[in-house]
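Only one structure is covered here, and it is reproduced in the block below.
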Amino acid sequence: MSALPPTKTEVRTWAFDALTDQAAEWSRAEGTVTTEYGTINLQLADSPGFWRGAAGDAMRVKSEEAKTSLSKVVEAFGQAATSTSSIINLLGFAKSAAVNAIQAAEDERYTVAEDGTVSYATEVIAWLAGGESKSLEVAKAALDQGQRQHETAIKSALQAAGDAAASAGEAIIKVFADVPIPPNAELENILNSYQVNKDQQGMTTWPSDDFMKWINRVKPGEDIQVKEVTVSEAAMLNKLSAWEQYRVYQISEEASSRAEQLFPSADDNYQDNHADAFRHAYWNAMLTEEFGEEWTKEYTTKHEGREDNRSPREAMDLYNNELGRRIATENPGGSMTQKIIDAFNNGDGVLIDKDGNLARPKDVRFGEAADSEMVDNTGILPGSLIPNNKPSTG
């Protein structure tokens with residue numbers, strides 16, 4: 001999947017010192033865990049001589065399980081160190097290509113915007129023509145051609161840099177995919193993993209004027225609320241037909257209504273709690289049924305690219321979004337409401353507890369979830385790049 005490309009300033013400031021340090025840390029960790037692995041082997045070899053009976057046998061079974069886990073950890077640390085070195089080279093090449101393309105345009109007196117759009121000032125035409133009026137038209141034609149060529153090269157290089165960064169993240173995730181995670185670390189892993197960068201294009205409002213005109217014509221009197229959304233989110237919606245946009249709006253409203261019915265709140269707080277967790281899962285499940293998993297994943301991920309999205313809230317929403325999509329793909333035509341409730345009861349899904357930490361819905365009593373004002377004051381973690389495939393629906 002492609003990623004939203006970095007801006008001109010972002011790619012110029014890419015630095016890889018942290019990755020280099022991380023590769024070294026993984027190498028050191030590989031040695032430490034290897035030593036532990038050897039210690040367990042020696043203990044197991046000696047144990048029959050001093051620990052016999054059922055208790056000793058049980059200890060040896062547990063130790064064999066620990067050996068299996070440690071061997072996976074050792075392998076992952078070694079692969080991560082090697083992969084990181086390759087990733088640094090890949091990202092360095094992508095950065096150089098983008099920076100050089102930008103510099104080439106600027107050397108020819110073009111102006112490069114943050115998104116890679118290339119333009120030039122009118123005085124550059126006279127400069128290129130050398131002050132001869134008969135050459136102005138020729139100079140402009142040459143500048144126009146150069147503008148198109150530079151813009152194509154720069155935007156391609158920025159997109160390639162974004163894709164390289166996304167591939168790097170996926171490669172590291174794959175390396176650690178088989179490493180067992182201790183139960184108490186699972187929620188912390190969700191907090192750190194389910195994050196997305198802010199939309200560099202900022203925020204806008206939706207629906208568009210064209211959609212509102214369509215609603216007034218087709219469904220006069222329909223109460224459509226204008227919402228603040230990310231620019232990338234709005235761009236995906238505006239590519240849909242008017243009817244499809246209306247269905248997205250309806251599904252969002254239905255998810256909110258269903259959540260409030262199932263988890264009523266005395267103080268009208270439907271954020272960060274059981275209702276919010278259900279709403280996101282149901283929203284994604286219904287969108288997946290109608291628009292497909294790929295489109296739904298990209299759209300709802302772009303929805304979370306708000307600049308003010310706090311880390312626990314973002315992780316909660318992205319995780320429950322994924323849960324809803326998974327339930328829809330595994331249970332086509334089934335009751336999404338019941339399947340989501342079952343998932344919550346079985347220990348899946350996340351919300352924010354009264355201490356501001358991620359927790360499972362089944363482990364938090366209804367009505368005792370987070371104080372949303374407290375969550376508003378938590379920090380923001382760096383995230384992954386926003387996907388940018390712009391897939392078609394259905």
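Starting from 1 in every chain, residues are counted up; chains themselves are A, B, ... following the order of the structure tokens, and ligands are numbered from 1 as listed.
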
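Running DSSP on the backbone and keeping only alpha helix (DSSP H), the residues of segment 199-243 of chain A that qualify are Asp209, Asp210, Phe211, Met212, Lys213, Trp214, Ile215, Asn216, Arg217, Val218, Val231, Ser232, Glu233, Ala234, Ala235, Met236, Leu237, Asn238, Ala242 and Trp243 of chain A.
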
query = Hey, what does DSSP flag as strand (DSSP E or B) within segment 150-372 of chain A? Can you give it to me as number ranges by chain?
reply = A: 196, 203-206, 227-230, 351-353, 358-359, 369

Selection export as a JSON list (two decimals), in the first residue's frame, atoms kept: N, CA and C atoms:
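Contents of the output file result-v4.json:
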[["chain", "number", "residue", "atom", "x", "y", "z"],
["A", 196, "VAL", "N", -0.99, 7.08, 13.76],
["A", 196, "VAL", "CA", -0.83, 7.54, 12.38],
["A", 196, "VAL", "C", -0.44, 9.01, 12.43],
["A", 203, "MET", "N", -7.06, 20.41, 7.96],
["A", 203, "MET", "CA", -8.47, 20.09, 8.13],
["A", 203, "MET", "C", -9.33, 20.90, 7.17],
["A", 204, "THR", "N", -10.53, 20.38, 6.93],
["A", 204, "THR", "CA", -11.50, 21.09, 6.10],
["A", 204, "THR", "C", -12.89, 20.67, 6.58],
["A", 205, "THR", "N", -13.92, 21.08, 5.86],
["A", 205, "THR", "CA", -15.28, 20.67, 6.22],
["A", 205, "THR", "C", -15.87, 19.81, 5.12],
["A", 206, "TRP", "N", -16.80, 18.98, 5.50],
["A", 206, "TRP", "CA", -17.52, 18.08, 4.59],
["A", 206, "TRP", "C", -18.91, 17.89, 5.15],
["A", 227, "LYS", "N", -19.35, 18.51, 8.97],
["A", 227, "LYS", "CA", -18.36, 18.00, 9.92],
["A", 227, "LYS", "C", -16.96, 18.46, 9.55],
["A", 228, "GLU", "N", -16.11, 18.57, 10.57],
["A", 228, "GLU", "CA", -14.71, 18.88, 10.33],
["A", 228, "GLU", "C", -13.97, 17.58, 10.09],
["A", 229, "VAL", "N", -13.29, 17.48, 8.95],
["A", 229, "VAL", "CA", -12.59, 16.26, 8.57],
["A", 229, "VAL", "C", -11.20, 16.62, 8.06],
["A", 230, "THR", "N", -10.33, 15.62, 7.91],
["A", 230, "THR", "CA", -9.03, 15.88, 7.32],
["A", 230, "THR", "C", -9.20, 16.11, 5.82],
["A", 351, "LEU", "N", -10.66, 0.35, 25.09],
["A", 351, "LEU", "CA", -11.16, 1.68, 25.47],
["A", 351, "LEU", "C", -10.13, 2.29, 26.40],
["A", 352, "ILE", "N", -10.45, 3.43, 26.98],
["A", 352, "ILE", "CA", -9.52, 4.11, 27.88],
["A", 352, "ILE", "C", -10.11, 4.08, 29.28],
["A", 353, "ASP", "N", -9.33, 3.60, 30.26],
["A", 353, "ASP", "CA", -9.86, 3.49, 31.62],
["A", 353, "ASP", "C", -9.73, 4.82, 32.37],
["A", 358, "LEU", "N", -5.04, 2.36, 28.12],
["A", 358, "LEU", "CA", -5.85, 1.46, 27.32],
["A", 358, "LEU", "C", -6.25, 0.24, 28.15],
["A", 359, "ALA", "N", -7.46, -0.23, 27.95],
["A", 359, "ALA", "CA", -7.95, -1.39, 28.68],
["A", 359, "ALA", "C", -8.96, -2.13, 27.79],
["A", 369, "ALA", "N", -15.29, 4.41, 32.59],
["A", 369, "ALA", "CA", -14.18, 4.60, 31.65],
["A", 369, "ALA", "C", -13.55, 5.97, 31.87]]

key: Nearest-residue call for Gln149 of chain A, choices A:Ala94, A:Leu323, A:Ala101, A:Ala23, using only C-alpha atoms   =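 The closest residue to Gln149 of chain A is A:Ala101.
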
query = How far is it from atom CA of Thr337 of chain A to atom CA of Trp283 of chain A, in Å with one decimal?
reply =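 About the pair atom CA of Thr337 of chain A and atom CA of Trp283 of chain A: they are 10.4 Å apart.
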
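Of the residues listed (A:Ala165, A:Met336, A:Ala343, A:Met316), A:Met316 shows the shortest atom-to-atom separation from Asn357 of chain A; distances use only C-alpha atoms.
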
message = Between A:Ile172, A:Ile380, A:Ala164, A:Ala121, which residue has the minimum interatomic distance to Glu106 of chain A, considering only C-alpha atoms?
response = A:Ala121

request  = Take atom CA of Glu188 of chain A and atom CA of Phe77 of chain A and report the distance between them in Å, one decimal.
outcome  =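 Taking atom CA of Glu188 of chain A as the start and atom CA of Phe77 of chain A as the end point, the length is 19.4 Å.
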
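From atom CA of Glu10 of chain A back to atom CA of Asp199 of chain A, the distance works out to 12.9 Å.
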
inquiry  = Here is a test: counting only C-alpha atoms, which residue of A:Glu108, A:Glu253, A:Asp178, A:Glu260 is nearest to Val73 of chain A?
reply    = A:Asp178

ask   = Excluding same-chain residues fewer than 5 positions from Gly367 of chain A, what lies within 10 Å of it counting only C-alpha atoms, as a list in words?
value = Phe263, Pro264, Ser265, Ala266, Asn269, Asn273, His274, Ala275 and Lys354 of chain A

Grab the residues selected above and save them as a PDB file, in the first residue's frame with N, CA and C atoms.
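again_36.pdb, written as the output of this step:
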ATOM      1  N   PHE A 263     -25.206   1.665  24.910  1.00  0.00           N
ATOM      2  CA  PHE A 263     -24.431   2.138  26.056  1.00  0.00           C
ATOM      3  C   PHE A 263     -24.853   3.572  26.403  1.00  0.00           C
ATOM      4  N   PRO A 264     -26.058   3.737  26.924  1.00  0.00           N
ATOM      5  CA  PRO A 264     -26.555   5.090  27.225  1.00  0.00           C
ATOM      6  C   PRO A 264     -25.707   5.773  28.297  1.00  0.00           C
ATOM      7  N   SER A 265     -25.530   7.090  28.135  1.00  0.00           N
ATOM      8  CA  SER A 265     -24.726   7.863  29.082  1.00  0.00           C
ATOM      9  C   SER A 265     -25.579   8.944  29.724  1.00  0.00           C
ATOM     10  N   ALA A 266     -25.510   9.038  31.060  1.00  0.00           N
ATOM     11  CA  ALA A 266     -26.306  10.036  31.782  1.00  0.00           C
ATOM     12  C   ALA A 266     -25.821  11.448  31.494  1.00  0.00           C
ATOM     13  N   ASN A 269     -21.759  11.661  27.477  1.00  0.00           N
ATOM     14  CA  ASN A 269     -20.367  11.453  27.094  1.00  0.00           C
ATOM     15  C   ASN A 269     -20.256  10.130  26.335  1.00  0.00           C
ATOM     16  N   ASN A 273     -15.070   5.587  25.722  1.00  0.00           N
ATOM     17  CA  ASN A 273     -15.678   4.573  26.580  1.00  0.00           C
ATOM     18  C   ASN A 273     -16.252   3.413  25.760  1.00  0.00           C
ATOM     19  N   HIS A 274     -17.110   2.617  26.407  1.00  0.00           N
ATOM     20  CA  HIS A 274     -17.698   1.455  25.729  1.00  0.00           C
ATOM     21  C   HIS A 274     -18.460   1.867  24.470  1.00  0.00           C
ATOM     22  N   ALA A 275     -19.218   2.945  24.563  1.00  0.00           N
ATOM     23  CA  ALA A 275     -20.002   3.403  23.412  1.00  0.00           C
ATOM     24  C   ALA A 275     -19.089   3.789  22.254  1.00  0.00           C
ATOM     25  N   LYS A 354     -10.178   4.842  33.592  1.00  0.00           N
ATOM     26  CA  LYS A 354     -10.225   6.092  34.358  1.00  0.00           C
ATOM     27  C   LYS A 354      -8.848   6.662  34.671  1.00  0.00           C
TER      28      LYS A 354
END

message = Need to verify the contact set: segment 247-252 of chain A, 10 Å, only C-alpha atoms, exclusion of same-chain residues closer than 4 positions in sequence. Can you return it as a PyMOL selection string?
response = chain A and resi 207+224-225+237+240-243+256-257+279-280+282-287+290-291
